[in-house]
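Source file model-v5.cif; content: mmCIF, C-alpha atoms.
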```cif
data_upload
#
loop_
_atom_site.label_atom_id
_atom_site.label_comp_id
_atom_site.auth_asym_id
_atom_site.auth_seq_id
_atom_site.Cartn_x
_atom_site.Cartn_y
_atom_site.Cartn_z
CA MET L 1 0.18 -6.10 9.41
CA LEU L 2 -2.05 -3.69 11.32
CA ALA L 3 0.84 -1.27 11.04
CA VAL L 4 0.15 -0.89 7.33
CA ALA L 5 -3.38 0.42 7.79
CA ALA L 6 -2.46 2.64 10.70
CA ALA L 7 0.55 3.90 8.81
CA THR L 8 -1.57 4.73 5.77
CA ALA L 9 -4.11 6.66 7.84
CA ALA L 10 -1.36 8.38 9.80
CA GLY L 11 0.43 9.32 6.60
CA MET L 12 -2.73 10.89 5.27
CA ALA L 13 -3.23 12.83 8.48
CA LEU L 14 0.29 14.19 8.26
CA ALA L 15 -0.59 15.96 5.05
CA GLY L 16 -2.23 18.66 7.15
CA CYS L 17 0.76 19.22 9.42
CA SER L 18 3.52 21.72 8.94
CA ALA L 19 6.98 20.36 8.26
CA GLY L 20 9.51 20.24 11.04
CA GLY L 21 13.29 20.40 11.09
CA GLY L 22 15.93 17.92 12.13
CA ASP L 23 18.43 18.40 14.91
CA ASP L 24 21.53 20.21 13.67
CA SER L 25 23.82 18.24 15.93
CA SER L 26 27.39 17.22 15.31
CA ALA L 27 30.33 16.20 17.41
CA ASP L 28 33.94 15.76 16.40
CA GLY L 29 33.00 16.42 12.80
CA VAL L 30 30.31 13.73 12.78
CA THR L 31 26.88 14.78 11.50
CA THR L 32 23.93 13.20 13.29
CA VAL L 33 20.87 12.27 11.23
CA GLN L 34 17.60 11.35 12.89
CA PHE L 35 15.74 8.55 11.10
CA TRP L 36 12.22 7.50 12.07
CA HIS L 37 10.35 4.51 10.73
CA ARG L 38 7.09 2.94 11.74
CA THR L 39 6.85 -0.44 13.39
CA PHE L 40 6.34 -3.08 10.73
CA THR L 41 6.64 -6.87 10.93
CA PRO L 42 9.50 -8.28 13.06
CA VAL L 43 11.68 -9.16 10.08
CA GLU L 44 11.21 -5.69 8.60
CA ASN L 45 12.04 -4.04 11.90
CA ASP L 46 15.18 -6.16 12.11
CA TRP L 47 16.20 -5.07 8.62
CA TYR L 48 15.74 -1.39 9.49
CA ALA L 49 17.87 -1.72 12.61
CA ASP L 50 20.53 -3.64 10.71
CA ILE L 51 20.75 -1.26 7.77
CA VAL L 52 21.38 1.65 10.14
CA LYS L 53 24.11 -0.29 11.96
CA LYS L 54 25.77 -1.23 8.68
CA PHE L 55 25.70 2.35 7.40
CA ASN L 56 27.17 3.73 10.61
CA ALA L 57 29.92 1.11 10.47
CA SER L 58 30.66 1.84 6.81
CA GLN L 59 31.95 5.40 7.36
CA ASP L 60 32.80 7.84 10.13
CA GLU L 61 31.29 11.14 8.95
CA ILE L 62 27.57 10.54 9.51
CA LYS L 63 25.82 8.89 12.43
CA VAL L 64 22.24 7.80 11.83
CA VAL L 65 20.07 7.49 14.94
CA ASP L 66 17.28 4.99 14.35
CA THR L 67 13.91 5.42 16.07
CA GLU L 68 11.16 2.83 15.63
CA VAL L 69 7.75 4.38 16.29
CA PRO L 70 4.64 2.23 16.95
CA ALA L 71 2.16 2.76 14.13
CA ASP L 72 -0.63 3.86 16.46
CA ALA L 73 1.63 6.50 17.98
CA TRP L 74 3.14 7.76 14.73
CA ASP L 75 0.75 10.60 14.03
CA GLN L 76 0.92 12.15 17.49
CA LYS L 77 4.67 11.72 17.80
CA MET L 78 5.30 13.35 14.44
CA LYS L 79 2.92 16.23 15.17
CA SER L 80 4.60 16.87 18.50
CA ALA L 81 8.05 16.78 16.94
CA GLN L 82 7.04 19.15 14.18
CA ALA L 83 5.46 21.57 16.63
CA ALA L 84 8.69 21.59 18.60
CA GLY L 85 10.85 21.97 15.50
CA LYS L 86 12.39 18.55 16.06
CA ALA L 87 10.98 16.43 13.24
CA PRO L 88 13.38 13.74 11.99
CA ASP L 89 15.67 14.46 9.07
CA ILE L 90 14.46 11.38 7.22
CA TYR L 91 11.47 9.10 7.71
CA THR L 92 9.23 6.49 6.09
CA PHE L 93 6.23 7.75 4.18
CA SER L 94 3.20 6.18 2.50
CA ALA L 95 0.78 9.01 1.73
CA SER L 96 0.33 11.17 -1.36
CA ILE L 97 3.43 13.21 -2.11
CA THR L 98 1.17 15.72 -3.85
CA ASP L 99 -0.43 16.67 -0.56
CA ALA L 100 2.89 16.70 1.26
CA VAL L 101 4.66 18.76 -1.39
CA ASN L 102 1.84 21.29 -1.48
CA ALA L 103 2.10 21.54 2.30
CA GLY L 104 5.83 22.21 2.04
CA GLN L 105 6.79 19.10 3.99
CA LEU L 106 9.25 17.33 1.69
CA HIS L 107 12.76 18.22 0.54
CA GLU L 108 13.59 17.95 -3.15
CA LEU L 109 16.00 15.08 -3.89
CA ASN L 110 17.31 16.03 -7.32
CA ASP L 111 20.27 17.99 -5.96
CA LEU L 112 20.90 15.52 -3.13
CA VAL L 113 20.70 12.10 -4.80
CA PRO L 114 22.67 11.36 -8.00
CA GLN L 115 20.40 11.51 -11.04
CA ASP L 116 21.50 8.09 -12.28
CA LYS L 117 20.25 6.63 -8.98
CA LEU L 118 16.88 8.34 -9.41
CA ASP L 119 16.69 7.04 -12.97
CA GLU L 120 17.00 3.46 -11.68
CA ILE L 121 13.54 3.65 -10.11
CA ILE L 122 11.30 1.46 -12.28
CA ASP L 123 8.42 3.01 -14.22
CA PRO L 124 5.58 1.78 -11.92
CA ALA L 125 7.26 3.54 -8.99
CA GLN L 126 7.99 6.82 -10.74
CA PRO L 127 4.56 8.42 -10.08
CA ILE L 128 4.95 7.95 -6.33
CA SER L 129 8.49 9.34 -6.34
CA GLN L 130 8.32 12.58 -8.30
CA LEU L 131 6.08 15.36 -9.57
CA ASP L 132 6.85 16.70 -13.02
CA GLY L 133 10.45 15.54 -12.82
CA THR L 134 11.18 16.79 -9.31
CA TYR L 135 11.84 13.91 -6.93
CA TYR L 136 10.63 14.02 -3.33
CA ALA L 137 10.78 10.36 -2.30
CA TYR L 138 12.79 7.19 -2.90
CA PRO L 139 10.75 3.97 -2.65
CA LEU L 140 11.85 0.89 -0.78
CA LEU L 141 9.17 -1.35 -2.25
CA LEU L 142 5.95 -1.80 -4.15
CA GLU L 143 3.26 -4.29 -3.16
CA PRO L 144 -0.13 -5.07 -4.71
CA GLN L 145 -2.82 -3.88 -2.31
CA THR L 146 -5.67 -6.06 -3.58
CA VAL L 147 -4.89 -9.76 -3.94
CA LEU L 148 -7.18 -12.78 -3.57
CA PHE L 149 -6.18 -15.64 -1.27
CA TRP L 150 -8.13 -18.87 -0.88
CA ASN L 151 -8.15 -21.90 1.39
CA LYS L 152 -7.71 -24.90 -0.90
CA ASP L 153 -9.24 -27.32 1.62
CA LEU L 154 -12.44 -25.28 1.92
CA LEU L 155 -12.79 -25.01 -1.84
CA GLN L 156 -12.23 -28.74 -2.26
CA ALA L 157 -14.78 -29.53 0.45
CA ALA L 158 -17.33 -27.59 -1.61
CA GLY L 159 -16.49 -29.58 -4.72
CA LEU L 160 -14.53 -26.79 -6.37
CA ASP L 161 -11.09 -26.91 -7.98
CA PRO L 162 -8.75 -26.01 -5.11
CA GLU L 163 -6.02 -24.80 -7.44
CA THR L 164 -8.08 -22.25 -9.34
CA GLY L 165 -9.59 -19.06 -7.99
CA PRO L 166 -12.31 -16.98 -9.66
CA THR L 167 -11.26 -14.72 -12.50
CA SER L 168 -14.45 -12.64 -12.63
CA TRP L 169 -16.97 -11.31 -10.14
CA SER L 170 -19.63 -13.62 -11.57
CA GLU L 171 -17.39 -16.60 -10.87
CA LEU L 172 -16.69 -15.30 -7.36
CA LEU L 173 -20.38 -14.94 -6.54
CA ASP L 174 -21.14 -18.37 -8.01
CA MET L 175 -18.37 -19.94 -5.95
CA CYS L 176 -19.63 -18.23 -2.79
CA ALA L 177 -23.10 -19.64 -3.45
CA THR L 178 -21.56 -23.11 -3.68
CA ILE L 179 -19.27 -22.71 -0.68
CA LYS L 180 -21.73 -21.14 1.78
CA PRO L 181 -23.80 -24.31 2.52
CA THR L 182 -20.62 -26.29 3.27
CA LEU L 183 -19.31 -23.92 5.93
CA ALA L 184 -19.66 -24.28 9.70
CA ASP L 185 -21.15 -21.62 11.95
CA GLY L 186 -18.80 -18.66 12.19
CA GLN L 187 -17.27 -19.35 8.77
CA TYR L 188 -17.85 -17.19 5.71
CA CYS L 189 -17.11 -17.33 2.02
CA ILE L 190 -15.03 -14.15 1.86
CA SER L 191 -13.44 -11.42 3.96
CA PRO L 192 -13.07 -8.27 1.82
CA ALA L 193 -12.77 -4.59 2.70
CA SER L 194 -15.83 -3.51 4.66
CA ASP L 195 -15.39 0.06 5.90
CA ALA L 196 -15.06 3.46 4.27
CA VAL L 197 -11.41 4.08 5.10
CA THR L 198 -10.29 0.68 3.80
CA PHE L 199 -12.44 0.95 0.68
CA ALA L 200 -10.93 4.39 0.09
CA TRP L 201 -7.44 3.05 -0.56
CA SER L 202 -7.94 -0.64 -1.36
CA SER L 203 -10.64 -0.28 -4.03
CA VAL L 204 -8.95 2.24 -6.34
CA GLY L 205 -7.71 -0.52 -8.65
CA GLN L 206 -11.18 -2.02 -8.72
CA GLN L 207 -12.66 1.37 -9.58
CA TYR L 208 -10.31 1.52 -12.55
CA ASN L 209 -11.12 -2.08 -13.47
CA PHE L 210 -14.89 -1.46 -13.47
CA ALA L 211 -14.98 2.05 -14.94
CA GLY L 212 -11.75 2.48 -16.89
CA HIS L 213 -10.86 5.50 -14.76
CA THR L 214 -10.63 6.63 -11.16
CA ALA L 215 -12.55 9.23 -9.17
CA LEU L 216 -11.56 12.47 -10.95
CA ASN L 217 -11.63 13.46 -14.59
CA ASP L 218 -8.28 13.97 -16.34
CA ASP L 219 -7.92 17.67 -15.57
CA TRP L 220 -9.22 17.30 -11.99
CA THR L 221 -12.04 19.75 -12.56
CA ALA L 222 -14.88 17.38 -11.62
CA PRO L 223 -15.66 14.01 -10.02
CA ASP L 224 -16.06 11.08 -12.39
CA ILE L 225 -17.97 8.44 -10.43
CA ASP L 226 -21.54 8.65 -11.77
CA ASP L 227 -21.36 5.84 -14.31
CA ASP L 228 -22.25 2.17 -14.77
CA GLY L 229 -18.83 0.98 -13.63
CA TYR L 230 -18.97 2.58 -10.19
CA ARG L 231 -22.59 1.55 -9.78
CA GLN L 232 -21.87 -2.09 -10.58
CA LEU L 233 -18.86 -2.15 -8.24
CA MET L 234 -21.03 -0.93 -5.38
CA ALA L 235 -23.78 -3.38 -6.31
CA ASN L 236 -21.38 -6.32 -6.20
CA TYR L 237 -20.28 -5.52 -2.67
CA LYS L 238 -23.92 -5.13 -1.66
CA THR L 239 -24.53 -8.67 -2.97
CA LEU L 240 -21.69 -10.02 -0.80
CA TRP L 241 -23.29 -8.27 2.17
CA ASP L 242 -26.93 -9.13 1.48
CA GLU L 243 -26.27 -12.80 0.71
CA GLY L 244 -24.28 -13.32 3.89
CA TYR L 245 -21.15 -14.25 1.96
CA MET L 246 -19.09 -11.87 4.13
CA PRO L 247 -19.25 -11.27 7.88
CA GLN L 248 -21.39 -8.34 9.06
CA GLN L 249 -18.70 -7.60 11.64
CA ALA L 250 -15.13 -7.78 10.35
CA LEU L 251 -13.27 -10.76 11.81
CA ALA L 252 -9.89 -9.12 11.21
CA ALA L 253 -8.50 -6.00 9.62
CA TYR L 254 -8.14 -6.01 5.84
CA VAL L 255 -4.38 -5.80 6.18
CA GLU L 256 -3.97 -8.80 8.48
CA GLY L 257 -4.51 -12.50 7.88
CA LYS L 258 -5.84 -13.67 11.23
CA ASP L 259 -9.33 -14.56 9.97
CA PHE L 260 -7.82 -16.49 7.08
CA GLY L 261 -5.17 -18.11 9.25
CA GLU L 262 -7.84 -19.33 11.66
CA GLU L 263 -9.74 -20.75 8.65
CA LYS L 264 -12.83 -18.65 9.25
CA VAL L 265 -13.04 -17.62 5.59
CA ALA L 266 -12.59 -19.44 2.30
CA PHE L 267 -11.42 -16.29 0.49
CA LYS L 268 -9.50 -13.37 1.91
CA VAL L 269 -8.84 -10.06 0.17
CA SER L 270 -5.68 -8.32 1.32
CA GLY L 271 -2.34 -7.07 0.06
CA SER L 272 0.43 -9.37 -1.15
CA TRP L 273 2.12 -8.86 2.22
CA MET L 274 -0.38 -11.23 3.84
CA MET L 275 1.47 -14.22 2.47
CA SER L 276 4.43 -13.44 4.70
CA GLU L 277 2.10 -13.39 7.72
CA ILE L 278 0.70 -16.78 6.77
CA GLY L 279 4.22 -18.15 6.43
CA SER L 280 5.32 -16.84 9.82
CA ASP L 281 2.16 -17.22 11.93
CA TYR L 282 0.26 -20.06 10.22
CA PRO L 283 2.94 -22.20 8.53
CA ASP L 284 0.68 -25.28 8.34
CA LEU L 285 -1.62 -23.26 6.06
CA LEU L 286 1.10 -22.18 3.67
CA THR L 287 0.77 -25.09 1.25
CA LYS L 288 -3.03 -24.93 1.51
CA THR L 289 -3.19 -21.30 0.40
CA GLY L 290 -3.96 -20.29 -3.16
CA ILE L 291 -3.14 -16.82 -4.43
CA GLY L 292 -4.17 -14.94 -7.54
CA ALA L 293 -5.22 -11.65 -9.05
CA PHE L 294 -8.43 -10.19 -7.69
CA PRO L 295 -11.41 -10.99 -9.97
CA ASP L 296 -12.19 -8.65 -12.83
CA ALA L 297 -15.47 -6.91 -13.47
CA ASP L 298 -17.59 -8.94 -15.88
CA ASP L 299 -17.27 -6.13 -18.41
CA ALA L 300 -13.91 -4.79 -17.27
CA LEU L 301 -12.84 -1.51 -18.83
CA GLY L 302 -9.48 -1.32 -17.03
CA ASP L 303 -6.88 -4.08 -17.05
CA THR L 304 -6.19 -4.21 -13.33
CA ALA L 305 -7.96 -4.57 -10.01
CA THR L 306 -5.17 -3.35 -7.76
CA THR L 307 -2.95 -0.44 -7.04
CA LEU L 308 0.65 -0.77 -5.95
CA GLY L 309 1.11 0.23 -2.33
CA ASN L 310 4.49 1.38 -1.19
CA PHE L 311 6.71 2.70 1.51
CA ARG L 312 9.13 5.46 0.61
CA TRP L 313 11.82 7.36 2.42
CA VAL L 314 11.57 11.14 2.40
CA ILE L 315 13.71 13.97 3.75
CA ASP L 316 12.07 16.65 5.81
CA ALA L 317 11.86 20.01 4.06
CA LYS L 318 13.38 21.76 7.07
CA SER L 319 16.11 19.26 7.82
CA LYS L 320 19.34 20.96 8.78
CA ASN L 321 21.29 18.01 7.43
CA PRO L 322 19.61 17.16 4.12
CA GLN L 323 22.73 16.04 2.30
CA ALA L 324 23.78 13.71 5.11
CA ALA L 325 20.27 12.27 5.18
CA ALA L 326 20.38 11.85 1.40
CA ASP L 327 23.75 10.11 1.62
CA PHE L 328 22.22 7.54 3.97
CA LEU L 329 19.17 7.14 1.71
CA THR L 330 21.35 6.70 -1.38
CA TRP L 331 23.60 4.15 0.32
CA ALA L 332 20.72 2.10 1.72
CA LEU L 333 18.13 2.21 -1.07
CA ALA L 334 20.07 3.08 -4.22
CA GLY L 335 23.37 1.36 -3.53
CA ASP L 336 24.55 -2.25 -3.28
CA PRO L 337 21.64 -4.63 -4.08
CA ASP L 338 22.97 -7.09 -1.50
CA LEU L 339 21.90 -4.66 1.22
CA LEU L 340 18.28 -4.94 0.08
CA VAL L 341 18.04 -8.63 -0.76
CA PRO L 342 17.52 -9.75 2.88
CA PHE L 343 14.51 -7.45 3.19
CA PHE L 344 12.69 -9.04 0.26
CA VAL L 345 13.76 -12.58 1.08
CA ASP L 346 12.80 -12.34 4.76
CA THR L 347 9.40 -10.88 3.87
CA GLN L 348 8.96 -14.05 1.81
CA PHE L 349 9.03 -12.54 -1.68
CA THR L 350 5.72 -10.72 -1.20
CA LYS L 351 7.05 -7.26 -2.08
CA VAL L 352 8.54 -5.87 -5.28
CA PRO L 353 11.92 -4.09 -5.43
CA VAL L 354 11.88 -0.79 -7.31
CA ARG L 355 15.20 -1.33 -9.06
CA THR L 356 15.70 -3.96 -11.77
CA GLU L 357 19.14 -4.83 -10.41
CA VAL L 358 17.62 -5.61 -7.01
CA GLN L 359 14.79 -7.61 -8.57
CA ASP L 360 17.34 -9.80 -10.34
CA ALA L 361 19.33 -10.31 -7.15
CA VAL L 362 16.21 -11.26 -5.18
CA SER L 363 15.04 -13.69 -7.86
CA ALA L 364 18.47 -15.36 -7.82
CA ASP L 365 18.31 -16.07 -4.11
CA PRO L 366 18.07 -19.84 -3.46
CA LYS L 367 15.05 -19.35 -1.19
CA ALA L 368 13.02 -18.05 -4.14
CA ALA L 369 12.38 -21.64 -5.15
CA ASP L 370 10.40 -22.12 -1.93
CA ALA L 371 8.07 -19.21 -2.71
CA PRO L 372 5.87 -20.37 -5.61
CA TRP L 373 3.58 -17.37 -5.10
CA SER L 374 6.34 -14.91 -6.04
CA PRO L 375 5.98 -15.41 -9.83
CA ILE L 376 2.21 -14.96 -9.48
CA VAL L 377 2.73 -11.61 -7.75
CA MET L 378 5.48 -10.49 -10.12
CA ASN L 379 4.14 -11.84 -13.41
CA ASP L 380 0.35 -12.05 -13.06
CA ILE L 381 -0.51 -9.12 -10.79
CA VAL L 382 2.15 -6.40 -10.79
CA PRO L 383 2.54 -5.79 -14.57
CA THR L 384 -1.00 -4.40 -14.95
CA ALA L 385 -1.30 -2.76 -11.53
CA ILE L 386 -1.66 1.01 -11.38
CA PRO L 387 0.02 3.44 -8.99
CA GLU L 388 -1.87 4.83 -6.05
CA PRO L 389 -3.77 8.03 -6.91
CA THR L 390 -1.99 11.32 -6.45
CA TYR L 391 -5.14 13.31 -5.77
CA PRO L 392 -5.95 14.20 -2.14
CA TRP L 393 -7.02 11.53 0.32
CA ASP L 394 -10.38 13.22 0.86
CA VAL L 395 -11.34 12.32 -2.72
CA SER L 396 -10.66 8.65 -2.08
CA LEU L 397 -12.46 8.79 1.24
CA ALA L 398 -15.59 10.20 -0.39
CA VAL L 399 -15.70 7.17 -2.71
CA GLY L 400 -14.98 4.77 0.15
CA THR L 401 -17.81 6.26 2.18
CA ALA L 402 -20.19 5.83 -0.75
CA MET L 403 -19.17 2.20 -1.19
CA GLU L 404 -19.70 1.37 2.49
CA SER L 405 -23.08 3.13 2.66
CA VAL L 406 -24.40 1.32 -0.43
CA MET L 407 -23.05 -2.05 0.69
CA LYS L 408 -24.68 -1.82 4.11
CA GLY L 409 -27.95 -0.39 2.78
CA ALA L 410 -27.54 2.96 4.49
CA ALA L 411 -28.05 4.85 1.23
CA SER L 412 -29.23 4.18 -2.30
CA THR L 413 -26.59 4.15 -5.01
CA ASP L 414 -27.93 7.42 -6.43
CA ASP L 415 -27.83 9.18 -3.06
CA ALA L 416 -24.39 7.80 -2.18
CA ILE L 417 -22.90 8.92 -5.48
CA LYS L 418 -24.47 12.38 -5.16
CA THR L 419 -23.09 12.77 -1.64
CA ALA L 420 -19.66 11.67 -2.81
CA GLU L 421 -19.75 14.07 -5.75
CA ASP L 422 -20.60 16.95 -3.45
CA ALA L 423 -17.71 16.05 -1.15
CA ILE L 424 -15.28 15.74 -4.06
CA ASN L 425 -16.39 19.06 -5.54
CA THR L 426 -15.69 20.68 -2.18
CA VAL L 427 -12.14 19.28 -2.27
CA ILE L 428 -11.66 20.43 -5.86
CA GLN L 429 -12.54 24.00 -4.95
CA ARG L 430 -10.86 24.00 -1.54
CA ASP L 431 -7.53 22.71 -2.85
CA ASP L 432 -7.70 24.25 -6.35
CA LEU L 433 -7.14 20.80 -7.83
CA PRO L 434 -7.21 21.84 -11.50
CA SER L 435 -3.96 23.76 -10.95
CA LYS L 436 -2.39 20.63 -9.48
CA ALA L 437 -3.58 18.06 -12.01
CA PRO L 438 -0.91 15.89 -13.66
CA LYS L 439 0.49 17.58 -16.72
CA SER L 440 0.75 14.36 -18.67
#
```
Do you think you could lay out the structure here as structure tokens?
Amino acid sequence: MLAVAAATAAGMALAGCSAGGGDDSSADGVTTVQFWHRTFTPVENDWYADIVKKFNASQDEIKVVDTEVPADAWDQKMKSAQAAGKAPDIYTFSASITDAVNAGQLHELNDLVPQDKLDEIIDPAQPISQLDGTYYAYPLLLEPQTVLFWNKDLLQAAGLDPETGPTSWSELLDMCATIKPTLADGQYCISPASDAVTFAWSSVGQQYNFAGHTALNDDWTAPDIDDDGYRQLMANYKTLWDEGYMPQQALAAYVEGKDFGEEKVAFKVSGSWMMSEIGSDYPDLLTKTGIGAFPDADDALGDTATTLGNFRWVIDAKSKNPQAAADFLTWALAGDPDLLVPFFVDTQFTKVPVRTEVQDAVSADPKAADAPWSPIVMNDIVPTAIPEPTYPWDVSLAVGTAMESVMKGAASTDDAIKTAEDAINTVIQRDDLPSKAPKS
């Protein structure tokens, strides 16, 4: 799970790098395509290796060479490859395509992938796939990035209903006040995001939930964070911190479930993917784990508290074999649903396919009956989730920094918001954001 956070940060860092080019190698009429993907969970890594083997066995004109790159080495390896003109033809990607497109990193897909295959991408995944009708990425999955998990035994020990989580922040704070006296030393009520970088990407849905908008105004000419919604969001996290409901030193990364699996926290905030970690690493806890939408603001203005994270496949702008790379992408991600079903089943129904046909095939799998959390993710959380923001990462980081500084008492809310506004205005001018604002 740590790969997700490292991959996100690495993806953001790549936005500043120049695009590289694939190896124009062929032998006996066979075109070689270099494919890089980050290290994920074991079952995901197995699926990546298998899908490459199956593609290579399915035809004799293209050979895909699969390279799995450790998440903590991804950034440096990609930079080195780009500097040497040897970037892979196709690779996994999780950052803003706006940044990457503006940097000239990504190849357009419209002339490489059949339009009817691009049209199959469901509406929630369209904003992360294309800009103004030009496609630059094909998603493998969507996954809610902010989900609430709870330990039913710890709630029951505090006299609370173990089957029902809080639906509002007031309920969450009240439950923490009830739970805290029942916990042993080293246990806490909740493990949420607690640092600027994690807040930057994991709190965007909450920002929308509290304020009814995210960090920029509609035409990207100014920051939009100086309002009651943002102030209350920051104040709520400060309450978690000040009341000792959360650990002062993170017990585990936001993206991993170790602290929850070791029963050090009653509530854990993470992405939907954490359920697969619980199932694989802490199976005895699986039936004791509750899952639900993250609590709403008491006066919510937006109807969600989460964004939909993703991993997409992209083709390098300077690939010498873009059509061959696109043929592999189309076969693997936009072809036979049966090729994708094992990925979603083996990750324990915690991720959302981006094609309706694949969703139906995954839901029909017999193992779906053993994953009662899947309908909660699909029906209660995903329908109102919003896409990740397309504005530059530095905008999100400015908000994340403000949230951390207020929570930990390093700055007043007024000062933190002013500092964030200054940082965002710098990005607006530096990157000429008004010219890049969404047209609709």
**Test item: the PyMOL selection byres ((chain L and resi 47-63) around 9) resolved as a ChimeraX atom specification** = /L:26,29-35,37,42-46,64-68,324-325,327-328,331-332,339-340,342-343,346
Show me, as a PDB file with C-alpha atoms, in the frame of the given file, the residues that have an atom within 6 Å of stretch 192-205 of chain L when counting all atoms listed in the file, minus same-chain residues fewer than 4 positions from it.
```
ATOM      1  CA  TYR L 254      -8.140  -6.010   5.840  1.00  0.00           C
ATOM      2  CA  VAL L 269      -8.840 -10.060   0.170  1.00  0.00           C
ATOM      3  CA  ALA L 305      -7.960  -4.570 -10.010  1.00  0.00           C
ATOM      4  CA  THR L 306      -5.170  -3.350  -7.760  1.00  0.00           C
ATOM      5  CA  THR L 307      -2.950  -0.440  -7.040  1.00  0.00           C
ATOM      6  CA  SER L 396     -10.660   8.650  -2.080  1.00  0.00           C
ATOM      7  CA  LEU L 397     -12.460   8.790   1.240  1.00  0.00           C
ATOM      8  CA  GLY L 400     -14.980   4.770   0.150  1.00  0.00           C
ATOM      9  CA  THR L 401     -17.810   6.260   2.180  1.00  0.00           C
ATOM     10  CA  GLU L 404     -19.700   1.370   2.490  1.00  0.00           C
TER      11      GLU L 404
END
```
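Of the listed residues (L:Ile424, L:Val147, L:Met274, L:Met234), L:Ile424 comes nearest to L:Tyr391; the distances count all atoms listed in the file.
What separates atom CA of L:Thr98 from atom CA of L:Gln130 is a distance of 9.0 Å.
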**Asked** Once you count all atoms listed in the file, which residues end up no further than 12 Å from (-21.2, 6.0, -14.3) in the file's frame, shown as a ChimeraX atom specification?
**Response** /L:207-208,210-215,223-234,413-414,417-418,421
Quick one: which stretch 159-188 of chain L residues come within 10 Å of stretch 239-245 of chain L, and what is the nearest atom pair for each with the distance in Å to one decimal, counting all atoms listed in the file, rows ordered by chain and ascending number, as a Markdown table?
```
| residue | atom | partner | partner_atom | distance |
| --- | --- | --- | --- | --- |
| L:Leu172 | CA | L:Leu240 | CA | 9.8 |
| L:Leu173 | CA | L:Leu240 | CA | 7.7 |
| L:Cys176 | CA | L:Tyr245 | CA | 6.4 |
| L:Ala177 | CA | L:Tyr245 | CA | 7.9 |
| L:Ile179 | CA | L:Tyr245 | CA | 9.1 |
| L:Lys180 | CA | L:Tyr245 | CA | 6.9 |
| L:Gln187 | CA | L:Tyr245 | CA | 9.4 |
| L:Tyr188 | CA | L:Tyr245 | CA | 5.8 |
```
